[in-house]
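Visitor: Input file: data-v6.cif. Contents: mmCIF, C-alpha atoms.
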```
data_coords
#
loop_
_atom_site.label_atom_id
_atom_site.label_comp_id
_atom_site.auth_asym_id
_atom_site.auth_seq_id
_atom_site.Cartn_x
_atom_site.Cartn_y
_atom_site.Cartn_z
CA MET A 1 38.98 72.43 -75.33
CA ARG A 2 42.15 70.35 -74.92
CA GLU A 3 41.63 70.54 -71.17
CA ALA A 4 38.11 69.10 -71.41
CA TYR A 5 39.51 66.42 -73.68
CA HIS A 6 42.13 65.32 -71.17
CA ASP A 7 39.44 65.28 -68.50
CA GLN A 8 37.48 62.89 -70.72
CA LEU A 9 40.52 60.66 -71.16
CA GLY A 10 41.01 60.60 -67.41
CA GLN A 11 37.35 59.78 -66.86
CA LEU A 12 37.62 56.92 -69.31
CA ALA A 13 40.52 55.41 -67.36
CA ASP A 14 38.65 55.93 -64.07
CA ARG A 15 35.60 54.11 -65.35
CA LEU A 16 37.77 51.27 -66.61
CA ALA A 17 39.35 51.03 -63.15
CA ASP A 18 35.89 50.98 -61.53
CA MET A 19 34.82 48.26 -63.94
CA CYS A 20 37.89 46.18 -63.12
CA ALA A 21 37.11 46.55 -59.40
CA MET A 22 33.56 45.33 -60.13
CA ALA A 23 34.96 42.23 -61.85
CA GLY A 24 37.20 41.57 -58.85
CA ASP A 25 34.23 41.88 -56.47
CA ALA A 26 32.20 39.57 -58.71
CA MET A 27 34.92 36.91 -58.57
CA GLU A 28 35.24 37.30 -54.80
CA ARG A 29 31.52 36.70 -54.33
CA ALA A 30 31.42 33.96 -56.96
CA THR A 31 34.19 32.12 -55.11
CA ALA A 32 32.30 32.50 -51.83
CA SER A 33 29.15 31.11 -53.46
CA LEU A 34 31.18 28.21 -54.86
CA LEU A 35 32.91 27.28 -51.60
CA GLN A 36 29.89 27.78 -49.34
CA ALA A 37 27.21 26.57 -51.78
CA ASP A 38 25.52 29.90 -51.13
CA LEU A 39 22.68 30.35 -53.61
CA ALA A 40 21.82 33.93 -52.63
CA VAL A 41 25.35 35.11 -53.29
CA ALA A 42 25.49 33.19 -56.58
CA GLU A 43 22.24 34.86 -57.69
CA GLN A 44 23.67 38.25 -56.78
CA VAL A 45 26.72 37.69 -59.01
CA ILE A 46 24.52 36.43 -61.82
CA GLY A 47 22.17 39.40 -61.54
CA ASP A 48 24.98 41.94 -61.36
CA ASP A 49 26.84 40.80 -64.47
CA ALA A 50 24.71 42.98 -66.73
CA LYS A 51 26.03 46.03 -64.84
CA ILE A 52 29.59 45.18 -65.88
CA ASP A 53 28.47 44.66 -69.48
CA ASP A 54 26.70 48.04 -69.41
CA VAL A 55 29.81 49.82 -68.17
CA ARG A 56 31.78 48.19 -70.95
CA SER A 57 29.35 49.32 -73.64
CA SER A 58 29.37 52.80 -72.26
CA ILE A 59 33.19 52.92 -72.07
CA GLU A 60 33.42 51.71 -75.64
CA GLU A 61 30.94 54.34 -76.86
CA GLN A 62 32.79 57.08 -75.02
CA ALA A 63 36.11 55.88 -76.46
CA TYR A 64 34.73 55.80 -80.00
CA ALA A 65 33.33 59.31 -79.55
CA LEU A 66 36.72 60.54 -78.35
CA LEU A 67 38.44 59.01 -81.35
CA ALA A 68 35.92 60.42 -83.81
CA LEU A 69 35.69 63.91 -82.33
CA GLN A 70 39.20 64.54 -81.07
CA ALA A 71 41.35 62.36 -83.35
CA PRO A 72 44.00 61.89 -80.66
CA VAL A 73 47.56 61.00 -81.68
CA ALA A 74 50.62 59.49 -80.02
CA THR A 75 50.17 58.61 -76.33
CA ASP A 76 46.57 59.83 -76.20
CA LEU A 77 45.65 57.55 -79.08
CA ARG A 78 47.36 54.62 -77.38
CA ILE A 79 45.48 55.33 -74.16
CA VAL A 80 42.11 55.23 -75.90
CA LEU A 81 42.95 52.01 -77.75
CA ALA A 82 44.31 50.41 -74.59
CA VAL A 83 41.07 51.28 -72.80
CA ILE A 84 38.98 49.70 -75.58
CA HIS A 85 41.02 46.49 -75.43
CA ALA A 86 41.14 46.40 -71.65
CA ALA A 87 37.39 46.94 -71.31
CA GLU A 88 36.88 43.85 -73.46
CA SER A 89 39.17 41.81 -71.19
CA VAL A 90 37.45 43.08 -68.04
CA GLU A 91 34.03 42.19 -69.44
CA ARG A 92 35.33 38.67 -69.94
CA MET A 93 36.61 38.62 -66.35
CA GLY A 94 33.05 39.41 -65.28
CA ASP A 95 31.73 36.63 -67.52
CA LEU A 96 34.14 34.13 -65.94
CA ALA A 97 32.94 35.12 -62.45
CA LEU A 98 29.43 34.62 -63.81
CA HIS A 99 30.33 31.08 -64.96
CA VAL A 100 31.61 30.26 -61.46
CA ALA A 101 28.40 31.56 -59.87
CA LYS A 102 26.28 29.61 -62.36
CA ALA A 103 28.12 26.40 -61.47
CA ALA A 104 27.37 27.06 -57.78
CA ARG A 105 23.71 27.64 -58.62
CA ARG A 106 23.49 24.55 -60.84
CA ARG A 107 24.65 22.17 -58.09
CA HIS A 108 22.93 23.90 -55.16
CA PRO A 109 22.28 22.76 -52.40
CA ASN A 110 25.24 20.46 -53.05
CA HIS A 111 28.80 21.72 -53.20
CA VAL A 112 30.20 21.70 -56.74
CA LEU A 113 33.67 20.73 -55.59
CA ALA A 114 34.99 17.76 -53.67
CA ASP A 115 36.42 18.61 -50.22
CA THR A 116 39.90 17.73 -51.41
CA VAL A 117 40.01 20.38 -54.14
CA GLU A 118 38.16 23.20 -52.36
CA PRO A 119 41.42 24.53 -50.84
CA TYR A 120 42.85 24.91 -54.37
CA PHE A 121 39.88 27.02 -55.35
CA ALA A 122 40.05 29.10 -52.18
CA GLU A 123 43.62 29.95 -53.13
CA MET A 124 42.92 30.43 -56.84
CA GLY A 125 40.00 32.69 -55.90
CA ARG A 126 42.24 34.70 -53.59
CA ILE A 127 44.86 35.16 -56.32
CA ALA A 128 42.25 36.00 -58.96
CA VAL A 129 40.73 38.73 -56.79
CA GLN A 130 44.18 40.04 -55.89
CA LEU A 131 45.10 40.26 -59.58
CA ALA A 132 41.88 42.13 -60.40
CA ARG A 133 42.66 44.62 -57.62
CA GLU A 134 46.26 45.00 -58.77
CA ALA A 135 45.06 45.63 -62.32
CA THR A 136 42.63 48.24 -60.97
CA GLU A 137 45.51 50.03 -59.25
CA VAL A 138 47.72 49.76 -62.33
CA ILE A 139 44.99 51.47 -64.37
CA ARG A 140 44.69 54.22 -61.75
CA THR A 141 48.42 54.76 -61.19
CA GLN A 142 50.00 53.49 -64.45
CA ASP A 143 52.63 51.91 -62.21
CA VAL A 144 54.77 49.82 -64.56
CA GLU A 145 56.59 47.99 -61.78
CA ARG A 146 53.33 47.00 -60.16
CA ALA A 147 52.12 45.60 -63.48
CA ARG A 148 55.29 43.53 -63.82
CA SER A 149 54.99 42.20 -60.28
CA MET A 150 51.60 40.72 -61.18
CA GLU A 151 53.36 38.04 -63.17
CA ASP A 152 54.43 36.31 -59.95
CA ALA A 153 50.83 35.95 -58.82
CA ASP A 154 49.91 34.77 -62.31
CA ASP A 155 52.69 32.15 -62.15
CA ALA A 156 51.31 31.01 -58.79
CA MET A 157 47.90 30.66 -60.42
CA ASP A 158 49.37 28.60 -63.27
CA ASP A 159 51.16 26.33 -60.78
CA LEU A 160 47.95 25.77 -58.82
CA HIS A 161 46.07 25.09 -62.04
CA ARG A 162 48.64 22.55 -63.20
CA HIS A 163 48.72 20.87 -59.80
CA LEU A 164 44.93 20.72 -59.76
CA PHE A 165 45.10 18.73 -63.00
CA THR A 166 47.48 16.20 -61.52
CA VAL A 167 44.99 15.76 -58.64
CA ILE A 168 42.04 15.25 -61.01
CA MET A 169 44.03 12.95 -63.31
CA ASP A 170 45.24 10.79 -60.42
CA LYS A 171 44.06 7.20 -60.72
CA GLU A 172 42.80 7.39 -57.16
CA TRP A 173 40.39 10.31 -57.86
CA PRO A 174 37.33 8.99 -56.00
CA HIS A 175 34.75 11.66 -56.87
CA GLY A 176 33.60 10.43 -60.26
CA VAL A 177 33.57 11.89 -63.75
CA PRO A 178 30.95 14.66 -63.34
CA SER A 179 32.90 16.15 -60.45
CA ALA A 180 36.13 15.92 -62.50
CA VAL A 181 34.45 17.73 -65.40
CA ASP A 182 33.14 20.55 -63.18
CA THR A 183 36.52 20.89 -61.50
CA THR A 184 38.31 21.00 -64.86
CA LEU A 185 36.13 23.79 -66.22
CA LEU A 186 36.19 25.80 -63.00
CA GLY A 187 39.97 25.55 -62.85
CA ARG A 188 40.15 26.91 -66.38
CA PHE A 189 37.81 29.83 -65.51
CA TYR A 190 40.11 30.98 -62.70
CA GLU A 191 43.22 30.62 -64.80
CA ARG A 192 41.65 32.60 -67.65
CA PHE A 193 40.46 35.30 -65.25
CA ALA A 194 44.03 35.75 -64.05
CA ASP A 195 45.35 35.89 -67.62
CA HIS A 196 42.88 38.62 -68.51
CA ALA A 197 43.79 40.65 -65.41
CA VAL A 198 47.47 40.46 -66.38
CA SER A 199 46.60 41.41 -69.94
CA VAL A 200 44.75 44.51 -68.72
CA ALA A 201 47.79 45.56 -66.71
CA LYS A 202 50.11 44.87 -69.63
CA ARG A 203 48.00 47.06 -71.89
CA THR A 204 48.51 49.85 -69.38
CA VAL A 205 52.26 49.26 -69.42
CA PHE A 206 52.08 49.46 -73.20
CA VAL A 207 50.57 52.93 -72.90
CA VAL A 208 53.36 54.10 -70.63
CA THR A 209 56.30 52.45 -72.37
CA GLY A 210 55.07 52.17 -75.95
CA ARG A 211 56.13 48.52 -75.92
CA MET A 212 53.80 45.59 -75.36
CA PRO A 213 55.66 43.17 -73.08
CA GLY A 214 55.60 39.58 -74.35
CA TYR A 215 52.14 39.87 -75.80
CA GLY A 216 50.57 36.78 -77.29
CA GLY A 217 51.83 34.22 -74.83
CA ASP A 218 49.37 34.65 -72.02
CA ILE A 219 45.95 35.07 -73.49
CA ASP A 220 45.06 31.93 -75.26
CA ASP A 221 41.43 31.82 -76.13
CA MET B 222 46.25 60.93 -100.65
CA ARG B 223 42.72 59.84 -99.76
CA GLU B 224 43.00 57.23 -102.48
CA ALA B 225 46.14 55.75 -100.96
CA TYR B 226 44.42 55.79 -97.60
CA HIS B 227 41.44 53.80 -98.80
CA ASP B 228 43.86 51.36 -100.42
CA GLN B 229 45.46 50.94 -97.00
CA LEU B 230 42.07 50.30 -95.38
CA GLY B 231 41.28 47.72 -98.02
CA GLN B 232 44.67 46.06 -97.50
CA LEU B 233 44.02 45.90 -93.79
CA ALA B 234 40.73 44.07 -94.33
CA ASP B 235 42.40 41.73 -96.86
CA ARG B 236 45.12 40.81 -94.41
CA LEU B 237 42.52 40.18 -91.70
CA ALA B 238 40.65 37.89 -94.10
CA ASP B 239 43.90 36.03 -94.90
CA MET B 240 44.58 35.68 -91.19
CA CYS B 241 41.10 34.29 -90.59
CA ALA B 242 41.65 31.76 -93.38
CA MET B 243 44.92 30.75 -91.70
CA ALA B 244 43.09 30.15 -88.41
CA GLY B 245 40.52 28.01 -90.25
CA ASP B 246 43.30 25.96 -91.89
CA ALA B 247 45.00 25.56 -88.52
CA MET B 248 41.79 24.19 -86.97
CA GLU B 249 41.28 21.87 -89.92
CA ARG B 250 44.74 20.39 -89.52
CA ALA B 251 44.49 20.36 -85.72
CA THR B 252 41.28 18.35 -85.95
CA ALA B 253 42.94 15.91 -88.36
CA SER B 254 45.86 15.51 -85.97
CA LEU B 255 43.42 14.92 -83.11
CA LEU B 256 41.29 12.34 -84.89
CA GLN B 257 44.15 10.50 -86.59
CA ALA B 258 46.71 10.86 -83.78
CA ASP B 259 48.99 12.34 -86.43
CA LEU B 260 52.05 13.82 -84.76
CA ALA B 261 53.54 15.38 -87.90
CA VAL B 262 50.37 17.37 -88.58
CA ALA B 263 50.11 18.40 -84.93
CA GLU B 264 53.70 19.68 -85.04
CA GLN B 265 52.92 21.62 -88.19
CA VAL B 266 50.01 23.42 -86.51
CA ILE B 267 52.13 24.12 -83.43
CA GLY B 268 55.00 25.47 -85.53
CA ASP B 269 52.74 27.62 -87.71
CA ASP B 270 50.92 29.40 -84.88
CA ALA B 271 53.64 32.06 -84.64
CA LYS B 272 52.81 33.07 -88.23
CA ILE B 273 49.24 33.91 -87.21
CA ASP B 274 50.52 35.88 -84.22
CA ASP B 275 52.90 37.78 -86.50
CA VAL B 276 50.12 38.73 -88.90
CA ARG B 277 48.08 39.97 -85.96
CA SER B 278 50.92 42.17 -84.66
CA SER B 279 51.49 43.55 -88.09
CA ILE B 280 47.76 44.26 -88.65
CA GLU B 281 47.58 46.00 -85.29
CA GLU B 282 50.62 48.16 -86.07
CA GLN B 283 49.22 49.08 -89.46
CA ALA B 284 45.86 49.94 -87.91
CA TYR B 285 47.47 52.12 -85.24
CA ALA B 286 49.51 53.91 -87.90
CA LEU B 287 46.35 54.56 -89.92
CA LEU B 288 44.59 55.99 -86.86
CA ALA B 289 47.54 58.17 -85.93
CA LEU B 290 48.35 59.46 -89.40
CA GLN B 291 44.93 59.68 -91.02
CA ALA B 292 42.58 60.23 -88.07
CA PRO B 293 39.68 58.55 -89.86
CA VAL B 294 36.12 59.35 -88.80
CA ALA B 295 32.70 57.75 -89.17
CA THR B 296 32.66 54.48 -91.12
CA ASP B 297 36.40 54.51 -91.76
CA LEU B 298 37.08 54.80 -88.05
CA ARG B 299 34.69 51.97 -87.33
CA ILE B 300 36.41 49.78 -89.92
CA VAL B 301 39.81 50.29 -88.35
CA LEU B 302 38.52 49.58 -84.84
CA ALA B 303 36.61 46.52 -86.04
CA VAL B 304 39.80 45.22 -87.65
CA ILE B 305 41.75 45.69 -84.40
CA HIS B 306 39.12 43.80 -82.40
CA ALA B 307 38.66 41.10 -85.00
CA ALA B 308 42.40 40.49 -85.30
CA GLU B 309 42.47 39.79 -81.56
CA SER B 310 39.64 37.25 -81.92
CA VAL B 311 41.32 35.57 -84.87
CA GLU B 312 44.59 35.28 -82.97
CA ARG B 313 42.66 33.48 -80.24
CA MET B 314 41.12 31.18 -82.84
CA GLY B 315 44.66 30.27 -83.84
CA ASP B 316 45.58 29.68 -80.20
CA LEU B 317 42.60 27.35 -79.76
CA ALA B 318 43.69 25.32 -82.80
CA LEU B 319 47.14 25.25 -81.17
CA HIS B 320 45.63 23.82 -77.96
CA VAL B 321 43.94 21.05 -79.95
CA ALA B 322 47.20 20.18 -81.72
CA LYS B 323 49.09 20.19 -78.40
CA ALA B 324 46.57 17.76 -76.92
CA ALA B 325 47.16 15.45 -79.91
CA ARG B 326 50.93 15.72 -79.41
CA ARG B 327 50.69 15.13 -75.66
CA ARG B 328 48.87 11.82 -76.00
CA HIS B 329 50.66 10.58 -79.14
CA PRO B 330 50.83 7.74 -80.21
CA ASN B 331 47.53 7.21 -78.41
CA HIS B 332 44.32 8.85 -79.48
CA VAL B 333 43.23 11.62 -77.11
CA LEU B 334 39.57 10.82 -77.53
CA ALA B 335 37.51 7.74 -76.92
CA ASP B 336 36.01 6.14 -80.05
CA THR B 337 32.53 7.07 -78.90
CA VAL B 338 33.18 10.82 -78.86
CA GLU B 339 35.40 11.10 -81.95
CA PRO B 340 32.35 11.59 -84.24
CA TYR B 341 31.33 14.62 -82.14
CA PHE B 342 34.72 16.17 -82.69
CA ALA B 343 34.73 15.37 -86.40
CA GLU B 344 31.48 17.34 -86.63
CA MET B 345 32.56 20.14 -84.29
CA GLY B 346 35.79 20.43 -86.29
CA ARG B 347 33.83 20.62 -89.55
CA ILE B 348 31.57 23.37 -88.17
CA ALA B 349 34.50 25.30 -86.69
CA VAL B 350 36.35 25.32 -90.01
CA GLN B 351 33.16 26.25 -91.88
CA LEU B 352 32.61 29.18 -89.50
CA ALA B 353 36.18 30.41 -89.96
CA ARG B 354 35.70 30.28 -93.75
CA GLU B 355 32.34 32.06 -93.52
CA ALA B 356 33.94 34.77 -91.36
CA THR B 357 36.72 35.10 -93.94
CA GLU B 358 34.14 35.67 -96.67
CA VAL B 359 32.16 38.11 -94.51
CA ILE B 360 35.34 40.17 -94.04
CA ARG B 361 35.98 40.13 -97.79
CA THR B 362 32.41 40.84 -98.89
CA GLN B 363 30.86 42.58 -95.83
CA ASP B 364 27.80 40.46 -96.53
CA VAL B 365 25.48 41.11 -93.59
CA GLU B 366 23.11 38.26 -94.41
CA ARG B 367 25.96 35.81 -94.57
CA ALA B 368 27.13 36.97 -91.15
CA ARG B 369 23.65 36.41 -89.72
CA SER B 370 23.38 32.95 -91.24
CA MET B 371 26.47 31.91 -89.27
CA GLU B 372 24.38 31.85 -86.13
CA ASP B 373 22.73 28.61 -87.26
CA ALA B 374 26.08 26.86 -87.48
CA ASP B 375 27.03 28.34 -84.12
CA ASP B 376 23.79 26.99 -82.62
CA ALA B 377 24.62 23.57 -84.06
CA MET B 378 28.04 23.80 -82.37
CA ASP B 379 26.41 24.71 -79.04
CA ASP B 380 24.01 21.77 -79.34
CA LEU B 381 26.87 19.37 -80.04
CA HIS B 382 28.82 20.80 -77.14
CA ARG B 383 25.90 20.39 -74.76
CA HIS B 384 25.22 16.88 -75.95
CA LEU B 385 28.89 16.00 -75.56
CA PHE B 386 28.59 16.97 -71.89
CA THR B 387 25.66 14.67 -71.34
CA VAL B 388 27.75 11.86 -72.86
CA ILE B 389 30.70 12.59 -70.57
CA MET B 390 28.52 13.04 -67.51
CA ASP B 391 26.65 9.78 -68.12
CA LYS B 392 27.12 7.30 -65.29
CA GLU B 393 28.11 4.69 -67.84
CA TRP B 394 31.09 6.70 -69.17
CA PRO B 395 33.64 3.87 -69.30
CA HIS B 396 36.78 5.78 -70.34
CA GLY B 397 37.94 7.11 -67.00
CA VAL B 398 38.55 10.53 -65.57
CA PRO B 399 41.64 11.61 -67.58
CA SER B 400 39.77 11.00 -70.83
CA ALA B 401 36.75 12.91 -69.50
CA VAL B 402 38.99 15.86 -68.59
CA ASP B 403 40.65 15.95 -72.02
CA THR B 404 37.28 15.67 -73.73
CA THR B 405 35.82 18.48 -71.61
CA LEU B 406 38.64 20.90 -72.43
CA LEU B 407 38.71 20.02 -76.11
CA GLY B 408 34.95 20.50 -76.36
CA ARG B 409 35.34 23.93 -74.87
CA PHE B 410 38.11 24.84 -77.34
CA TYR B 411 35.88 24.09 -80.32
CA GLU B 412 32.94 25.95 -78.86
CA ARG B 413 35.09 29.00 -78.10
CA PHE B 414 36.61 28.90 -81.61
CA ALA B 415 33.10 29.06 -83.09
CA ASP B 416 32.13 31.94 -80.78
CA HIS B 417 35.17 33.93 -81.88
CA ALA B 418 34.43 33.30 -85.57
CA VAL B 419 30.88 34.58 -85.07
CA SER B 420 32.20 37.58 -83.15
CA VAL B 421 34.54 38.45 -86.05
CA ALA B 422 31.62 38.34 -88.47
CA LYS B 423 29.43 40.40 -86.11
CA ARG B 424 32.10 43.06 -85.90
CA THR B 425 31.96 43.28 -89.69
CA VAL B 426 28.19 43.66 -89.55
CA PHE B 427 28.72 46.43 -87.03
CA VAL B 428 30.86 48.27 -89.55
CA VAL B 429 28.20 48.00 -92.23
CA THR B 430 25.13 48.70 -90.11
CA GLY B 431 26.56 50.80 -87.29
CA ARG B 432 24.78 48.51 -84.82
CA MET B 433 26.44 45.69 -82.95
CA PRO B 434 23.97 42.79 -83.01
CA GLY B 435 23.44 41.26 -79.56
CA TYR B 436 27.01 41.71 -78.51
CA GLY B 437 28.05 40.36 -75.13
CA GLY B 438 26.08 37.15 -75.15
CA ASP B 439 28.35 34.97 -77.19
CA ILE B 440 31.88 35.62 -76.14
CA ASP B 441 32.23 34.58 -72.58
CA ASP B 442 35.86 34.40 -71.58
#
```
Show the structure stored in the file as structure tokens.

Guide:
Amino acid sequence: MREAYHDQLGQLADRLADMCAMAGDAMERATASLLQADLAVAEQVIGDDAKIDDVRSSIEEQAYALLALQAPVATDLRIVLAVIHAAESVERMGDLALHVAKAARRRHPNHVLADTVEPYFAEMGRIAVQLAREATEVIRTQDVERARSMEDADDAMDDLHRHLFTVIMDKEWPHGVPSAVDTTLLGRFYERFADHAVSVAKRTVFVVTGRMPGYGGDIDD
Amino acid sequence: MREAYHDQLGQLADRLADMCAMAGDAMERATASLLQADLAVAEQVIGDDAKIDDVRSSIEEQAYALLALQAPVATDLRIVLAVIHAAESVERMGDLALHVAKAARRRHPNHVLADTVEPYFAEMGRIAVQLAREATEVIRTQDVERARSMEDADDAMDDLHRHLFTVIMDKEWPHGVPSAVDTTLLGRFYERFADHAVSVAKRTVFVVTGRMPGYGGDIDD
């Protein structure tokens, strides 16, 4: 009985890791659709989002069943609760990739972004995908050091995001208000995606250490 | 023993309701600071945000202790999990009010918003605060109908938000790119605040009915 129960806990973490990998793939494709104005890829991301939502619902159901039937305590309880929280964050990562893909679709066949800011988004996309993959590995390995090291990539994201704002706010911005508005929202989507990936990893650290590192500062809406 | 335990559950819901009221007050003051360029009020919101975060931590700890010590099942389990989720949403509502207050502080003594869009924000602020207060009452009363009726106010918020975009995107927007960027982000903060308030109320409905109404469509990052 207890054996089967620990198998179920392990399965839950595996499915969360798979879900996080799906969100990373979604953001990778969404970024490609954004930078290449590729409608087919954008449609693929948009169509696939429901799969991520389904995995989340199923993880949550499985977690609730575990809590109700097994009444885990101590570390096991913390694992189940961390999975429930993390699944919510990963679903939002998928939704943010969806927003990026929808922006690409909305402006197709035009590019959403001005040439001058596309390199920022190529780099923010790269970091976002990297963070999703790191979070996936942290879920699989519960590697506390790896989780901590994600903060550097998150700092790099924040720097890019801040710098992007100075570019948009510059008096010489020649691309007009609609382009500035799109760029502002897209920048925020990438920054939020990174925050959620870090939050997922931190939740895992919480399970291992019993202490939530600096929670409350990073996730802000 | 069971009596004390149900008292604890009731306390947990009461503290969540108090927290939700705090987030509503924060957004009310943040909106005042935004519309009146009132630095003192903005500073008050900024200084008070830590109190909301503290209540959230304390609610989460209390909920975890209940799960670990009492191993609730069925409805009781669902209440505790709903409280944990809802406390996270309410903390984010507080953070969004914080963002509004920080925008007011950043541009002080100037107004952040152009005259032409201030009325939109007066109305979005009113709806946001109303939704936070409705959510507070739904937590206290578990009134399913009241939770459902919040969707109308949320739809009104979405309409305002969409219309705001058409105003910003208009070729005749005379206020420049920085103002458009600020207005875009602020609009998103109000819309997200409303989504979180509705999500808190929906979680409460979930506790009462055992079914989560249309979850996944409203909260998108």

Visitor: List the spatial neighbours of Leu69 in chain A as a PDB file with C-alpha atoms, in the frame of the given file - criterion: any atom at most 10 Å away, all atoms listed in the file, same-chain residues fewer than 5 positions off excluded.

Guide:
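Contents of selection.pdb, as written:
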```pdb
ATOM      1  CA  TYR A   5      39.510  66.420 -73.680  1.00  0.00           C
ATOM      2  CA  ALA A  63      36.110  55.880 -76.460  1.00  0.00           C
ATOM      3  CA  TYR A  64      34.730  55.800 -80.000  1.00  0.00           C
TER       4      TYR A  64
ATOM      5  CA  ALA B 292      42.580  60.230 -88.070  1.00  0.00           C
ATOM      6  CA  VAL B 294      36.120  59.350 -88.800  1.00  0.00           C
ATOM      7  CA  ALA B 295      32.700  57.750 -89.170  1.00  0.00           C
TER       8      ALA B 295
END
```

Visitor: Please expand the PyMOL selection byres ((chain B) within 8 of (chain A)) into the concrete residues it hits in this file, giving the result as an MDAnalysis selection string.

Guide: chainID B and resid 274 288:290 292:295 298 306 313:314 316:317 389:390 394 397:399 401:402 405:406 410 413:414 437 440:442

Visitor: Quick one: residues within 7 Å of Met345 in chain B, all atoms listed in the file, excluding same-chain residues fewer than 4 positions away - as a list in words?

Guide: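 Selected residues are Tyr341, Ala349, Met378 and Tyr411 of chain B.
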
Visitor: I'd like the neighbourhood of Leu237 in chain B as a list in words, where a residue qualifies if any of its atoms comes within 10 Å (using only C-alpha atoms), though same-chain residues fewer than 2 positions away should be ignored.

Guide: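 So the residues in contact are Gly231, Gln232, Leu233, Ala234, Asp235, Asp239, Met240, Cys241, Ala242, Met243, Val276, Arg277, Ile280, Val304, Ile305, Ala307, Ala308, Val311, Thr357, Ile360, Arg361 and Val421 of chain B.
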
Visitor: Report the distance between CA of Glu28 in chain A and CA of His111 in chain A in Å, rounded to one decimal place.

Guide: 16.9 Å

Visitor: May I ask for the distance between CA of Arg106 in chain A and CA of Asp159 in chain A, given in Å to one decimal place?

Guide: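 The value is 27.7 Å.
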
Visitor: Which residue out of B:His227, B:Lys272, B:Arg236, B:Lys423 has the minimum interatomic distance to Arg369 in chain B when only C-alpha atoms are used?

Guide: B:Lys423

Visitor: Select, from B:Arg250, B:Gly245, B:Leu256, B:Val301, the residue with the minimum atom-to-atom distance to Ala335 in chain B, counting all atoms listed in the file.

Guide: B:Leu256

Visitor: What is the CA of Val388 in chain B to CA of Gln36 in chain A distance in Å?

Guide: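 A separation of 28.5 Å between them.
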
Visitor: List, as a ChimeraX atom specification, every residue that the PyMOL selection byres ((chain A and resi 151) around 12) selects in the file provided.

Guide: /A:127,130-131,134-135,144-150,152-158,194-199,201-202,213-214,218

Visitor: Once the PyMOL selection byres ((chain B and resi 258) around 12) has been applied to the shown file, what residues remain in the selection, as a VMD selection string?

Guide: chain B and resid 250 to 257 259 to 264 321 to 335 339

Visitor: Taking the partial coordinates given, rebuild range 149-160 of chain A to contain N, CA and C atoms; return it as a PDB file, in the coordinates of the input.

Guide:
```pdb
ATOM      1  N   SER A 149      54.999  43.078 -61.459  1.00  0.00           N
ATOM      2  CA  SER A 149      54.990  42.200 -60.280  1.00  0.00           C
ATOM      3  C   SER A 149      53.779  41.272 -60.291  1.00  0.00           C
ATOM      4  N   MET A 150      52.777  41.598 -61.101  1.00  0.00           N
ATOM      5  CA  MET A 150      51.600  40.720 -61.180  1.00  0.00           C
ATOM      6  C   MET A 150      51.943  39.365 -61.787  1.00  0.00           C
ATOM      7  N   GLU A 151      53.038  39.308 -62.522  1.00  0.00           N
ATOM      8  CA  GLU A 151      53.360  38.040 -63.170  1.00  0.00           C
ATOM      9  C   GLU A 151      53.659  36.935 -62.154  1.00  0.00           C
ATOM     10  N   ASP A 152      54.166  37.321 -60.982  1.00  0.00           N
ATOM     11  CA  ASP A 152      54.430  36.310 -59.950  1.00  0.00           C
ATOM     12  C   ASP A 152      53.128  35.656 -59.498  1.00  0.00           C
ATOM     13  N   ALA A 153      52.128  36.497 -59.251  1.00  0.00           N
ATOM     14  CA  ALA A 153      50.830  35.950 -58.820  1.00  0.00           C
ATOM     15  C   ALA A 153      50.232  35.104 -59.947  1.00  0.00           C
ATOM     16  N   ASP A 154      50.431  35.544 -61.187  1.00  0.00           N
ATOM     17  CA  ASP A 154      49.910  34.770 -62.310  1.00  0.00           C
ATOM     18  C   ASP A 154      50.628  33.421 -62.418  1.00  0.00           C
ATOM     19  N   ASP A 155      51.945  33.423 -62.158  1.00  0.00           N
ATOM     20  CA  ASP A 155      52.690  32.150 -62.150  1.00  0.00           C
ATOM     21  C   ASP A 155      52.155  31.234 -61.048  1.00  0.00           C
ATOM     22  N   ALA A 156      51.853  31.819 -59.892  1.00  0.00           N
ATOM     23  CA  ALA A 156      51.310  31.010 -58.790  1.00  0.00           C
ATOM     24  C   ALA A 156      49.980  30.395 -59.206  1.00  0.00           C
ATOM     25  N   MET A 157      49.171  31.179 -59.910  1.00  0.00           N
ATOM     26  CA  MET A 157      47.900  30.660 -60.420  1.00  0.00           C
ATOM     27  C   MET A 157      48.146  29.487 -61.372  1.00  0.00           C
ATOM     28  N   ASP A 158      49.089  29.669 -62.298  1.00  0.00           N
ATOM     29  CA  ASP A 158      49.370  28.600 -63.270  1.00  0.00           C
ATOM     30  C   ASP A 158      49.851  27.329 -62.564  1.00  0.00           C
ATOM     31  N   ASP A 159      50.678  27.504 -61.530  1.00  0.00           N
ATOM     32  CA  ASP A 159      51.160  26.330 -60.780  1.00  0.00           C
ATOM     33  C   ASP A 159      49.995  25.601 -60.111  1.00  0.00           C
ATOM     34  N   LEU A 160      49.113  26.380 -59.476  1.00  0.00           N
ATOM     35  CA  LEU A 160      47.950  25.770 -58.820  1.00  0.00           C
ATOM     36  C   LEU A 160      47.092  25.024 -59.839  1.00  0.00           C
TER      37      LEU A 160
END
```
